[in-house]
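Colleague: Got a structure for you, protein.cif, holding mmCIF, C-alpha atoms.
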data_final
loop_
_atom_site.label_atom_id
_atom_site.label_comp_id
_atom_site.auth_asym_id
_atom_site.auth_seq_id
_atom_site.Cartn_x
_atom_site.Cartn_y
_atom_site.Cartn_z
CA MET F 30 -22.11 6.53 -7.30
CA SER F 31 -18.52 5.57 -7.39
CA ILE F 32 -16.28 8.45 -8.19
CA LYS F 33 -12.57 8.78 -8.22
CA HIS F 34 -11.13 12.20 -8.33
CA LYS F 35 -7.61 13.32 -8.35
CA LEU F 36 -6.13 16.44 -6.92
CA LEU F 37 -2.75 17.35 -8.25
CA THR F 38 -0.58 19.36 -5.99
CA GLY F 39 2.96 20.46 -6.39
CA LEU F 40 4.26 23.19 -8.56
CA ILE F 41 1.08 23.45 -10.54
CA ALA F 42 -2.40 24.33 -9.51
CA ALA F 43 -4.88 21.93 -8.10
CA VAL F 44 -6.92 20.14 -10.71
CA SER F 45 -10.07 18.30 -9.87
CA LEU F 46 -11.06 15.80 -12.50
CA LEU F 47 -14.31 14.80 -10.94
CA THR F 48 -15.72 16.76 -8.08
CA ALA F 49 -19.28 15.60 -7.80
CA ALA F 50 -20.78 15.50 -4.36
CA ALA F 51 -19.42 13.19 -1.70
CA PRO F 52 -16.86 11.18 -3.62
CA THR F 53 -16.46 7.66 -2.40
CA ARG F 54 -13.22 7.02 -4.30
CA ALA F 55 -10.51 9.59 -4.45
CA ALA F 56 -6.77 9.82 -4.96
CA TRP F 57 -4.41 12.69 -4.34
CA ILE F 58 -0.82 12.88 -5.39
CA TYR F 59 1.51 15.15 -3.48
CA ALA F 60 4.69 16.09 -5.25
CA ASN F 61 8.16 16.58 -3.83
CA GLY F 62 7.94 20.28 -4.51
CA GLY F 63 5.47 23.12 -4.39
CA SER F 64 3.40 24.65 -1.67
CA TYR F 65 2.40 21.39 -0.01
CA TYR F 66 5.98 20.21 0.44
CA THR F 67 8.66 21.50 2.74
CA ALA F 68 12.22 20.24 2.78
CA LYS F 69 14.81 21.16 5.34
CA GLY F 70 18.47 20.48 5.92
CA PRO F 71 21.72 21.52 4.27
CA SER F 72 21.09 22.09 0.58
CA GLN F 73 24.38 20.51 -0.40
CA TYR F 74 23.09 17.16 0.87
CA TRP F 75 20.08 17.16 -1.45
CA HIS F 76 20.79 15.46 -4.76
CA TYR F 77 18.43 16.12 -7.68
CA VAL F 78 17.69 13.46 -10.26
CA TYR F 79 15.83 14.82 -13.26
CA ASN F 80 13.40 12.92 -15.51
CA GLU F 81 13.12 10.15 -12.94
CA GLY F 82 10.50 9.36 -10.34
CA TYR F 83 6.73 9.49 -10.75
CA CYS F 84 6.29 13.03 -12.08
CA GLY F 85 9.73 13.09 -13.69
CA LYS F 86 9.40 9.93 -15.72
CA TYR F 87 5.81 8.78 -15.93
CA ALA F 88 3.24 11.48 -15.17
CA LYS F 89 4.13 14.44 -17.31
CA TRP F 90 1.01 16.25 -16.09
CA CYS F 91 2.63 16.87 -12.70
CA GLY F 92 5.81 18.40 -11.44
CA PRO F 93 8.56 18.84 -10.54
CA ASN F 94 10.23 16.54 -13.02
CA HIS F 95 12.75 15.29 -10.55
CA PHE F 96 13.06 13.49 -7.28
CA VAL F 97 15.65 14.11 -4.61
CA TRP F 98 17.74 11.85 -2.45
CA THR F 99 20.10 12.19 0.45
CA TYR F 100 22.32 9.75 2.27
CA ASN F 101 20.81 8.54 5.50
CA SER F 102 22.30 10.00 8.59
CA THR F 103 25.68 8.61 9.56
CA ALA F 104 24.67 9.01 13.18
CA ASN F 105 22.37 6.19 14.13
CA PHE F 106 19.97 8.56 15.84
CA GLY F 107 19.07 12.05 14.73
CA TYR F 108 18.53 13.44 11.27
CA THR F 109 20.09 15.99 8.98
CA ASN F 110 17.68 16.32 6.07
CA ALA F 111 13.93 15.89 6.17
CA ALA F 112 10.76 16.69 4.28
CA VAL F 113 7.06 16.85 4.99
CA TRP F 114 4.16 16.52 2.57
CA ARG F 115 1.17 18.38 3.98
CA ILE F 116 -2.06 16.67 3.03
CA GLU F 117 -4.35 19.68 2.93
CA PRO F 118 -7.14 19.73 3.49
CA ALA F 119 -7.09 16.47 5.43
CA GLN F 120 -9.79 14.33 3.87
CA GLN F 121 -12.49 12.93 6.10
CA TYR F 122 -11.93 9.45 4.76
CA PHE F 123 -10.09 6.33 5.67
CA SER F 124 -7.25 6.31 3.18
CA ARG F 125 -4.14 4.41 2.35
CA ALA F 126 -0.80 6.11 1.81
CA TYR F 127 1.81 5.09 -0.77
CA ALA F 128 5.26 6.34 -1.63
CA PHE F 129 6.62 6.17 -5.14
CA ILE F 130 10.03 4.51 -5.03
CA PRO F 131 12.22 5.42 -8.00
CA ARG F 132 14.30 2.82 -9.75
CA ARG F 133 17.59 4.47 -8.82
CA ASP F 134 19.08 6.21 -5.79
CA ALA F 135 16.53 4.60 -3.49
CA THR F 136 18.42 2.05 -1.43
CA ALA F 137 17.57 2.76 2.19
CA ASN F 138 16.34 -0.22 4.13
CA PRO F 139 14.50 1.11 5.93
CA ALA F 140 13.41 4.65 5.22
CA PHE F 141 11.08 5.76 7.98
CA TYR F 142 7.85 7.46 6.93
CA ASP F 143 5.79 9.06 9.67
CA ILE F 144 2.11 9.66 8.89
CA GLY F 145 0.07 12.14 10.88
CA TYR F 146 -3.65 11.32 10.96
CA ALA F 147 -6.80 11.56 13.10
CA GLY F 148 -5.86 14.73 14.92
CA ALA F 149 -2.50 13.99 16.48
CA SER F 150 -2.19 10.27 15.84
CA THR F 151 1.03 9.06 14.24
CA ASN F 152 2.03 5.96 12.35
CA GLN F 153 5.70 5.35 11.77
CA SER F 154 6.78 2.61 9.40
CA GLY F 155 10.05 1.60 7.83
CA VAL F 156 9.95 1.06 4.08
CA ASN F 157 12.52 -1.07 2.30
CA GLN F 158 13.21 1.29 -0.60
CA LEU F 159 15.79 -1.16 -1.93
CA ALA F 160 13.11 -3.74 -2.72
CA TYR F 161 10.94 -1.47 -4.88
CA TYR F 162 11.66 -0.16 -8.36
CA ASP F 163 9.61 2.51 -10.12
CA GLN F 164 6.44 1.57 -8.32
CA TRP F 165 4.12 2.40 -5.45
CA ALA F 166 5.17 1.03 -2.09
CA PRO F 167 2.70 0.82 0.77
CA LEU F 168 3.08 2.75 4.00
CA ALA F 169 1.54 2.09 7.40
CA TYR F 170 1.58 -1.72 7.37
CA GLY F 171 -1.45 -2.07 5.16
CA LYS F 172 -3.73 0.06 7.29
CA SER F 173 -6.29 2.60 6.23
CA LEU F 174 -5.96 5.75 8.31
CA TYR F 175 -8.53 8.45 8.97
CA MET F 176 -7.91 12.05 7.99
CA ILE F 177 -4.30 11.75 6.92
CA ALA F 178 -2.82 15.21 7.38
CA SER F 179 0.89 14.80 6.74
CA VAL F 180 3.63 12.41 5.68
CA TYR F 181 7.09 13.04 7.07
CA LEU F 182 10.36 11.44 5.96
CA ASP F 183 13.87 12.06 7.15
CA ASP F 184 17.29 10.52 6.81
CA ASN F 185 17.44 9.08 10.31
CA ARG F 186 18.12 5.38 10.11
CA ARG F 187 17.03 4.92 13.75
CA GLY F 188 19.60 2.29 14.46
CA TYR F 189 18.73 0.17 11.43
CA GLY F 190 20.55 -0.57 8.23
CA SER F 191 23.71 0.88 6.80
CA LEU F 192 24.72 3.91 4.78
CA ALA F 193 22.26 4.22 1.93
CA LYS F 194 20.30 6.66 -0.19
CA VAL F 195 16.85 7.83 0.93
CA ALA F 196 14.68 8.89 -2.00
CA PHE F 197 12.00 11.58 -1.65
CA ASP F 198 9.43 11.38 -4.42
CA GLU F 199 5.67 11.56 -4.79
CA ILE F 200 3.20 10.50 -2.10
CA LYS F 201 -0.20 9.12 -2.99
CA ILE F 202 -3.19 9.23 -0.66
CA GLU F 203 -6.07 7.08 -1.84
CA ASN F 204 -9.25 5.84 -0.30
CA MET O 28 -49.24 -42.72 -4.98
CA ARG O 29 -46.83 -43.91 -2.34
CA PHE O 30 -44.05 -42.66 -4.51
CA LYS O 31 -45.66 -39.25 -4.80
CA LYS O 32 -46.17 -39.04 -1.06
CA ALA O 33 -42.62 -40.09 -0.38
CA LEU O 34 -41.46 -37.47 -2.86
CA LEU O 35 -43.61 -34.86 -1.15
CA LEU O 36 -42.28 -35.80 2.27
CA SER O 37 -38.71 -35.83 1.12
CA GLY O 38 -39.26 -32.45 -0.56
CA ALA O 39 -40.66 -31.01 2.64
CA ALA O 40 -37.77 -32.48 4.59
CA ALA O 41 -35.30 -31.02 2.13
CA LEU O 42 -36.95 -27.63 2.43
CA PHE O 43 -36.76 -27.84 6.21
CA VAL O 44 -33.13 -28.91 6.18
CA GLY O 45 -32.31 -26.21 3.63
CA ALA O 46 -34.05 -23.52 5.63
CA THR O 47 -32.34 -24.67 8.82
CA ALA O 48 -28.96 -24.67 7.10
CA LEU O 49 -29.59 -21.24 5.66
CA ALA O 50 -30.60 -19.89 9.04
CA ALA O 51 -27.52 -21.41 10.62
CA ALA O 52 -25.32 -20.01 7.90
CA GLN O 53 -26.86 -16.57 8.26
CA SER O 54 -26.43 -16.60 12.00
CA SER O 55 -22.74 -17.47 11.58
CA LEU O 56 -22.09 -14.69 9.06
CA PRO O 57 -20.43 -11.59 10.41
CA MET O 58 -22.84 -8.69 10.45
CA VAL O 59 -22.04 -5.92 8.02
CA PRO O 60 -22.63 -2.63 9.79
CA SER O 61 -25.12 -0.25 8.27
CA PRO O 62 -23.87 3.02 6.76
CA ALA O 63 -25.61 4.77 9.63
CA LYS O 64 -23.66 2.69 12.14
CA VAL O 65 -20.40 3.49 10.36
CA LYS O 66 -21.27 7.17 10.40
CA GLN O 67 -21.98 6.90 14.10
CA LEU O 68 -18.57 5.34 14.75
CA VAL O 69 -16.84 7.99 12.63
CA ASN O 70 -18.68 10.71 14.53
CA ARG O 71 -17.53 9.12 17.76
CA LEU O 72 -13.95 9.05 16.44
CA ASN O 73 -14.19 12.75 15.57
CA ALA O 74 -15.54 13.49 19.04
CA VAL O 75 -12.79 11.51 20.79
CA VAL O 76 -10.14 13.23 18.66
CA GLN O 77 -11.49 16.68 19.52
CA GLN O 78 -11.82 15.82 23.18
CA GLU O 79 -8.24 14.54 23.44
CA LEU O 80 -6.84 17.40 21.38
CA THR O 81 -8.32 19.93 23.78
CA GLY O 82 -8.06 18.20 27.13
CA GLY O 83 -5.91 15.13 26.63
CA CYS O 84 -2.24 14.27 26.38
CA VAL O 85 -0.66 15.80 23.28
CA ARG O 86 3.05 16.42 22.91
CA ASP O 87 5.40 17.96 20.41
CA ALA O 88 6.71 15.40 17.92
CA GLY O 89 9.18 17.81 16.33
CA ASN O 90 9.08 19.58 12.99
CA GLY O 91 5.79 21.24 13.83
CA ARG O 92 4.03 17.94 14.40
CA ARG O 93 2.10 16.79 17.44
CA GLU O 94 1.29 13.36 18.74
CA PHE O 95 -1.13 11.88 21.21
CA CYS O 96 0.40 10.30 24.28
CA SER O 97 -0.56 8.18 27.25
CA GLU O 98 -4.30 7.40 27.61
CA SER O 99 -5.23 9.83 24.85
CA LYS O 100 -3.27 7.75 22.37
CA LYS O 101 -5.07 4.59 23.47
CA LYS O 102 -8.53 6.16 23.38
CA VAL O 103 -8.09 7.58 19.90
CA ALA O 104 -6.52 4.37 18.62
CA GLU O 105 -9.45 2.33 19.92
CA ALA O 106 -12.04 4.64 18.38
CA HIS O 107 -10.04 4.72 15.14
CA ASP O 108 -9.76 0.95 14.84
CA GLN O 109 -13.47 0.43 15.46
CA ALA O 110 -14.45 2.99 12.87
CA ALA O 111 -11.84 1.74 10.38
CA SER O 112 -13.03 -1.85 10.69
CA ALA O 113 -16.68 -0.92 10.27
CA SER O 114 -15.92 1.37 7.35
CA ASP O 115 -13.92 -1.34 5.63
CA GLN O 116 -16.74 -3.85 5.96
CA LEU O 117 -18.96 -1.64 3.85
CA ARG O 118 -16.55 -1.95 0.96
CA ALA O 119 -14.97 -5.35 1.48
CA ARG O 120 -16.34 -8.64 0.26
CA PRO O 121 -17.49 -11.02 3.00
CA SER O 122 -14.60 -12.68 4.80
CA GLU O 123 -15.78 -16.16 3.86
CA LEU O 124 -15.19 -15.28 0.21
CA ARG O 125 -11.52 -14.47 0.77
CA GLY O 126 -10.39 -18.08 0.95
CA GLY O 127 -9.34 -18.14 -2.68
CA ALA O 128 -7.13 -15.10 -2.18
CA GLU O 129 -5.43 -16.67 0.79
CA ARG O 130 -4.94 -19.97 -1.06
CA ASN O 131 -3.36 -18.12 -3.97
CA ILE O 132 -1.00 -16.23 -1.71
CA ARG O 133 0.11 -19.44 -0.03
CA ARG O 134 0.51 -21.15 -3.40
CA PHE O 135 2.46 -18.16 -4.70
CA ARG O 136 4.84 -18.38 -1.75
CA GLY O 137 4.95 -22.18 -1.75
CA HIS O 138 4.16 -22.02 1.94
CA GLN O 139 0.92 -23.73 2.91
CA ASP O 140 1.19 -22.73 6.56
CA LEU O 141 1.81 -19.05 5.96
CA VAL O 142 -0.17 -17.07 8.53
CA LEU O 143 -2.12 -14.32 6.80
CA THR O 144 -4.05 -11.42 8.24
CA TYR O 145 -6.53 -9.43 6.18
CA GLN O 146 -5.96 -5.70 6.58
CA ALA O 147 -8.23 -3.68 4.31
CA THR O 148 -9.87 -3.25 0.92
CA SER O 149 -8.84 -0.10 -0.93
CA SER O 150 -8.46 1.35 -4.40
CA ASN O 151 -5.80 -0.13 -6.63
CA PRO O 152 -3.04 2.52 -6.67
CA TYR O 153 -1.96 1.44 -10.15
CA ARG O 154 -5.35 2.13 -11.68
CA ASP O 155 -7.27 5.33 -12.19
CA ASP O 156 -10.61 3.58 -11.97
CA ASP O 157 -12.78 1.80 -9.43
CA THR O 158 -10.83 -1.43 -9.15
CA VAL O 159 -9.85 -2.42 -5.66
CA ILE O 160 -7.24 -4.51 -3.93
CA GLU O 161 -7.35 -6.50 -0.75
CA THR O 162 -4.34 -6.16 1.50
CA TYR O 163 -2.97 -9.00 3.60
CA VAL O 164 0.13 -9.23 5.76
CA ASP O 165 1.91 -12.41 6.76
CA ASN O 166 3.90 -13.38 9.82
CA GLU O 167 7.15 -12.78 7.93
CA ALA O 168 6.61 -9.02 7.48
CA ASN O 169 5.42 -9.15 3.87
CA GLU O 170 2.42 -7.33 2.44
CA TYR O 171 0.24 -8.77 -0.31
CA TRP O 172 -2.23 -7.09 -2.60
CA VAL O 173 -4.85 -9.32 -4.19
CA ASP O 174 -7.38 -8.53 -6.90
CA PRO O 175 -10.69 -9.71 -5.38
CA ALA O 176 -12.16 -10.12 -8.85
CA THR O 177 -9.69 -12.89 -9.70
CA ASP O 178 -8.06 -13.75 -6.37
CA LEU O 179 -4.70 -13.27 -8.10
CA VAL O 180 -1.72 -11.59 -6.49
CA VAL O 181 -1.09 -8.03 -7.68
CA GLN O 182 1.87 -7.11 -5.52
CA VAL O 183 4.07 -8.65 -2.86
CA GLY O 184 6.75 -6.83 -0.96
CA PRO O 185 8.18 -6.00 2.41
CA ALA O 186 5.50 -4.49 4.59
CA ALA O 187 6.16 -1.07 6.01
CA SER O 188 6.53 -1.95 9.64
CA ALA O 189 7.77 -0.37 12.82
CA ASP O 190 10.47 -3.01 13.12
CA PRO O 191 11.76 -3.81 9.62
CA ALA O 192 13.78 -6.94 9.09
CA PRO O 193 17.19 -6.70 7.42
CA HIS O 194 18.26 -9.04 4.62
CA LYS O 195 21.89 -9.58 3.84
CA THR O 196 23.15 -12.13 1.35
CA ARG O 197 26.36 -13.89 2.30
CA PRO O 198 28.92 -14.12 -0.53
CA GLU O 199 28.71 -17.93 -0.57
CA ASP O 200 24.94 -17.75 -1.04
CA ARG O 201 24.97 -15.59 -4.15
CA VAL O 202 23.22 -17.06 -7.18
CA ALA O 203 24.29 -16.47 -10.79
CA VAL O 204 22.25 -13.82 -12.57
CA ALA O 205 21.23 -16.35 -15.25
CA ASP O 206 19.75 -18.53 -12.53
CA LEU O 207 17.97 -15.55 -10.98
CA ARG O 208 16.51 -14.70 -14.39
CA GLN O 209 15.26 -18.25 -14.83
CA ALA O 210 13.75 -18.23 -11.35
CA ALA O 211 11.96 -14.98 -12.18
CA LEU O 212 10.59 -16.45 -15.40
CA ASP O 213 9.43 -19.58 -13.61
CA LEU O 214 7.63 -17.48 -11.03
CA LEU O 215 5.94 -15.37 -13.68
CA GLU O 216 4.85 -18.32 -15.78
CA ALA O 217 3.36 -19.98 -12.71
CA ASN O 218 1.52 -16.92 -11.45
CA VAL O 219 0.78 -14.50 -14.29
CA PRO O 220 -1.94 -15.74 -16.67
CA ASN O 221 -0.61 -16.23 -20.19
CA PHE O 222 2.70 -14.57 -19.43
CA ALA O 223 4.54 -16.86 -21.83
CA GLY O 224 2.15 -15.96 -24.64
CA ARG O 225 2.42 -12.23 -24.02
CA ARG O 226 6.12 -12.01 -23.23
CA SER O 227 7.26 -11.28 -26.80
CA SER O 228 5.04 -8.18 -26.94
CA LEU O 229 6.42 -6.77 -23.68
CA HIS O 230 9.49 -4.61 -23.22
CA PRO O 231 12.07 -6.40 -21.05
CA LEU O 232 14.27 -4.68 -18.50
CA GLU O 233 16.89 -6.04 -16.12
CA ASP O 234 18.59 -4.03 -13.42
CA ASN O 235 19.90 -4.29 -9.91
CA LYS O 236 20.30 -2.14 -6.85
CA ASN O 237 23.72 -2.41 -5.22
CA ARG O 238 23.97 -5.97 -6.58
CA GLU O 239 21.82 -6.89 -3.59
CA ILE O 240 18.46 -7.07 -5.39
CA TYR O 241 17.98 -7.97 -9.06
CA PHE O 242 14.92 -6.74 -10.94
CA PHE O 243 13.36 -8.52 -13.93
CA ARG O 244 10.64 -6.40 -15.44
CA TRP O 245 8.47 -6.44 -18.54
CA ASP O 246 6.52 -3.29 -19.45
CA ASP O 247 3.55 -3.10 -21.77
CA PHE O 248 3.82 0.10 -23.80
CA SER O 249 1.28 -0.99 -26.39
CA ALA O 250 -1.79 0.86 -25.19
CA PRO O 251 -2.42 4.52 -24.44
CA LEU O 252 -2.59 5.25 -20.75
CA LYS O 253 -4.66 7.35 -18.44
CA GLU O 254 -2.50 10.26 -17.41
CA SER O 255 -1.87 9.16 -13.85
CA GLU O 256 -1.13 5.51 -14.56
CA LEU O 257 2.15 3.70 -15.04
CA PRO O 258 2.42 1.46 -18.10
CA PRO O 259 1.23 -2.00 -17.07
CA PHE O 260 4.12 -4.21 -16.03
CA VAL O 261 5.17 -7.38 -14.34
CA GLN O 262 8.24 -7.43 -12.18
CA VAL O 263 10.09 -9.89 -10.02
CA ALA O 264 12.74 -8.64 -7.61
CA LEU O 265 15.05 -11.27 -6.18
CA TYR O 266 17.71 -10.94 -3.55
CA ALA O 267 21.13 -12.06 -4.70
CA ASP O 268 20.57 -15.35 -2.88
CA GLY O 269 17.44 -16.03 -4.94
CA SER O 270 14.83 -15.29 -2.31
CA LEU O 271 11.91 -13.08 -3.25
CA ALA O 272 12.15 -9.37 -2.47
CA SER O 273 9.05 -8.19 -4.30
CA PHE O 274 6.64 -9.01 -7.10
CA THR O 275 4.17 -6.93 -9.08
CA ASP O 276 1.66 -7.75 -11.80
CA THR O 277 -0.35 -4.85 -13.16
CA LEU O 278 -0.79 -6.43 -16.59
CA ASN O 279 -3.88 -8.23 -15.46
CA HIS O 280 -5.23 -6.00 -12.73
#
Go ahead and express the file in the form of structure tokens.
Modeller:
Amino acid sequence: MSIKHKLLTGLIAAVSLLTAAAPTRAAWIYANGGSYYTAKGPSQYWHYVYNEGYCGKYAKWCGPNHFVWTYNSTANFGYTNAAVWRIEPAQQYFSRAYAFIPRRDATANPAFYDIGYAGASTNQSGVNQLAYYDQWAPLAYGKSLYMIASVYLDDNRRGYGSLAKVAFDEIKIEN
Amino acid sequence: MRFKKALLLSGAAALFVGATALAAAQSSLPMVPSPAKVKQLVNRLNAVVQQELTGGCVRDAGNGRREFCSESKKKVAEAHDQAASASDQLRARPSELRGGAERNIRRFRGHQDLVLTYQATSSNPYRDDDTVIETYVDNEANEYWVDPATDLVVQVGPAASADPAPHKTRPEDRVAVADLRQAALDLLEANVPNFAGRRSSLHPLEDNKNREIYFFRWDDFSAPLKESELPPFVQVALYADGSLASFTDTLNH
């Protein structure tokens, strides 16, 4: 039986649309807010854009209704602001991870997303946020990863690119 | 009578040749692992992960995260890749049926020698149903999503890679926006079924980011949506020099 269920996390409670036994298709959306999301760094560097991004503009069933952005670090190495989406509980599936890239204030090329999976395995990939516009962008070079447990993003440009805006919006984990 | 005998002989010969060909074809097909075999590989992956977490090389990756290192990293990666490949084969169509997808990608890019690598089959992130996409990457750091039901391209864009390539348009290479718009339309008409016929019912949108990438998008707001889905759309994103940055078609997939 092919089942897709969705678990909404963020500022509102988890909702399971279909929770029959052993789902073979599932998607979870992790918002940039709520108990599964932690942001750190000076608050004055976080910029809030309301009614934009996945939950802000398209999916009114989830929240918060904004995304945030910060300029990438002016130092080539090191970060100032960062966030982690905790994928809990880590699903015992091979899944793909996607980041929603808003149409505005997402210009970093690259923005480095670091996925934690399979215990303490990590996959770091640079996403060209400039090239995407209100859509899902793939992480992890097209790979399916087992038991994704976290997605981390910071403003460290790691020697690449120039001054730009890194957008932090929803993360989708789907198998 | 001779005719009948000849017919009989030729029929028997054809059967023999057919059976031989079938056997040869079957022997050349990659074996799809059984669900039990996949489960075995996943169990092995779990065991290797636990073993390396408790007795292997694990270091602090900052921000409360840990990462495998040294031999532990290699062991887990090997077990992961084996299990991932086997798991994918349960869901993916046979590799010999992916030729149409690869031909369409090469035709889309106008690059017959483009080197493509199949990555995985997974759910279509734009759909809240059971439709799937196949993911391919090329040797120019692009990622492609293909609808295996039609072999048509769903999305193209820069792959998320460890070593992303920059793209900077020189002032002398900039193309007029009108020409970019026409290039986007040409691309859509060549690659999106019946785009010309549907265009008038779609909502157009043009925008740019930093005048480096120009977006030409048409949304379909005509039908009610499932709550998690975006309105279907087609979009072409072109660098200011006219080269392709990304492409998406969820109208048809």
Colleague: Near chain F, meaning an atom within 8 Å, which residues of chain O appear when counting all atoms listed in the file? Write them as number ranges by chain.
Modeller: O: 73, 76-77, 80, 85, 92-95, 100, 103-104, 107, 111, 114, 146-147, 149-150, 152-153, 155-157, 162-164, 170, 184-191, 193, 236-237, 240, 242, 254-257, 264, 272-273
Colleague: Written as a PDB file with C-alpha atoms, keeping the file's coordinate frame, what is the full residue list that the PyMOL selection byres ((chain F and resi 60) around 8) yields on the file shown?
Modeller:
ATOM      1  CA  THR F  38      -0.580  19.360  -5.990  1.00  0.00           C
ATOM      2  CA  GLY F  39       2.960  20.460  -6.390  1.00  0.00           C
ATOM      3  CA  LEU F  40       4.260  23.190  -8.560  1.00  0.00           C
ATOM      4  CA  ILE F  58      -0.820  12.880  -5.390  1.00  0.00           C
ATOM      5  CA  TYR F  59       1.510  15.150  -3.480  1.00  0.00           C
ATOM      6  CA  ASN F  61       8.160  16.580  -3.830  1.00  0.00           C
ATOM      7  CA  GLY F  62       7.940  20.280  -4.510  1.00  0.00           C
ATOM      8  CA  GLY F  63       5.470  23.120  -4.390  1.00  0.00           C
ATOM      9  CA  TYR F  65       2.400  21.390  -0.010  1.00  0.00           C
ATOM     10  CA  TYR F  66       5.980  20.210   0.440  1.00  0.00           C
ATOM     11  CA  CYS F  84       6.290  13.030 -12.080  1.00  0.00           C
ATOM     12  CA  CYS F  91       2.630  16.870 -12.700  1.00  0.00           C
ATOM     13  CA  GLY F  92       5.810  18.400 -11.440  1.00  0.00           C
ATOM     14  CA  PRO F  93       8.560  18.840 -10.540  1.00  0.00           C
ATOM     15  CA  TRP F 114       4.160  16.520   2.570  1.00  0.00           C
ATOM     16  CA  ASP F 198       9.430  11.380  -4.420  1.00  0.00           C
ATOM     17  CA  GLU F 199       5.670  11.560  -4.790  1.00  0.00           C
ATOM     18  CA  ILE F 200       3.200  10.500  -2.100  1.00  0.00           C
TER      19      ILE F 200
END
Colleague: Residues at most 6 Å from Val97 of chain F, counting only C-alpha atoms, excluding those fewer than 4 positions away in the same chain, as a list of chain:residue names?
Modeller: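 Everything that qualifies: F:His76, F:Tyr77, F:Ala196, F:Phe197.
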Colleague: So the first atom is atom CA of Asp247 of chain O and the second is atom CA of Ala128 of chain O; what is the distance between them in Å, to one decimal place?
Modeller: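 Atom-to-atom, atom CA of Asp247 of chain O and atom CA of Ala128 of chain O are spaced 25.3 Å apart.
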Colleague: Select, from O:Gln262, O:Ser97, O:Ser270, O:Thr177, the residue with the minimum atom-to-atom distance to Arg201 of chain O, counting only C-alpha atoms.
Modeller: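 Closest candidate: O:Ser270.
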Colleague: Rounded to one decimal in Å, what is the spacing between atom CA of Val204 of chain O and atom CA of Phe222 of chain O?
Modeller: 20.7 Å
Colleague: Do you know which residues are at most 12 Å from Gln67 of chain O counting only C-alpha atoms, after dropping those on the same chain fewer than 3 positions away, and could you put them as a PyMOL selection string?
Modeller: chain O and resi 60-64+70-74+106+109-111+113-114
Colleague: Please indicate the distance in Å from atom CA of Val142 of chain O to atom CA of Ile160 of chain O, rounded to one decimal place.
Modeller: 19.1 Å
Colleague: Compile the contact shell of Ala250 of chain O as a ChimeraX atom specification: residues with an atom at most 12 Å away, counting all atoms listed in the file, same-chain residues fewer than 5 positions apart removed.
Modeller: /O:228-229,256-259,278
Colleague: Do you know which residues are at most 8 Å from Trp75 of chain F counting only C-alpha atoms, after dropping those on the same chain fewer than 5 positions away, and could you put them as a ChimeraX atom specification?
Modeller: /F:97-99,110
Colleague: Check the smallest atom-to-atom distance from each of O:Arg225, O:Val181, O:Asp87, O:Gln209 to Leu265 of chain O using only C-alpha atoms, then report the winner.
Modeller: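 Closest residue, counting only C-alpha atoms: O:Gln209.
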Colleague: Box for segment 88-97 of chain O: with edges along x, y and z, all listed atoms inside and 5 Å added on each side, what are the centre and edge lengths in Å to one decimal, as AutoDock Vina command-line options?
Modeller:
--center_x 4.0 --center_y 14.7 --center_z 20.1 --size_x 20.3 --size_y 23.1 --size_z 24.3
Colleague: Evaluating the PyMOL selection byres ((chain F and resi 117) around 9) on the displayed file yields which residues, as a list of chain:residue names?
Modeller: F:Tyr65, F:Arg115, F:Ile116, F:Pro118, F:Ala119, F:Gln120, F:Ile177, F:Ala178, F:Ser179
Colleague: Check what the PyMOL selection byres ((chain O and resi 175) around 8) selects in the file above and give those residues as an MDAnalysis selection string.
Modeller: chainID O and resid 125 128 159:161 173:174 176:179
Colleague: Give me the residues near Ser227 of chain O as a list of chain:residue names, where near means some atom within 12 Å (using only C-alpha atoms) and where sequence neighbours in that chain fewer than 3 positions away do not count.
Modeller: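 So the residues in contact are O:Asn221, O:Phe222, O:Ala223, O:Gly224, O:His230, O:Pro231, O:Trp245, O:Asp246, O:Asp247, O:Ser249.
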Colleague: If I only have part of segment 184-190 of chain F, can you fill in N, CA and C atoms and write it as a compact mmCIF listing (two decimals), in the coordinates of the input?
Modeller:
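Result saved to selection-v1.txt:
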# COMPACT_ATOMS: atom_id res chain seq x y z
N ASP F 184 16.18 11.41 7.13
CA ASP F 184 17.29 10.52 6.81
C ASP F 184 17.82 9.78 8.03
N ASN F 185 17.04 9.77 9.08
CA ASN F 185 17.44 9.08 10.31
C ASN F 185 17.22 7.58 10.16
N ARG F 186 18.29 6.84 10.29
CA ARG F 186 18.12 5.38 10.11
C ARG F 186 17.66 4.69 11.39
N ARG F 187 17.59 5.43 12.48
CA ARG F 187 17.03 4.92 13.75
C ARG F 187 17.64 3.59 14.17
N GLY F 188 18.91 3.49 14.00
CA GLY F 188 19.60 2.29 14.46
C GLY F 188 19.56 1.12 13.50
N TYR F 189 18.86 1.27 12.40
CA TYR F 189 18.73 0.17 11.43
C TYR F 189 19.63 0.42 10.22
N GLY F 190 19.96 -0.65 9.56
CA GLY F 190 20.55 -0.57 8.23
C GLY F 190 21.94 0.04 8.21
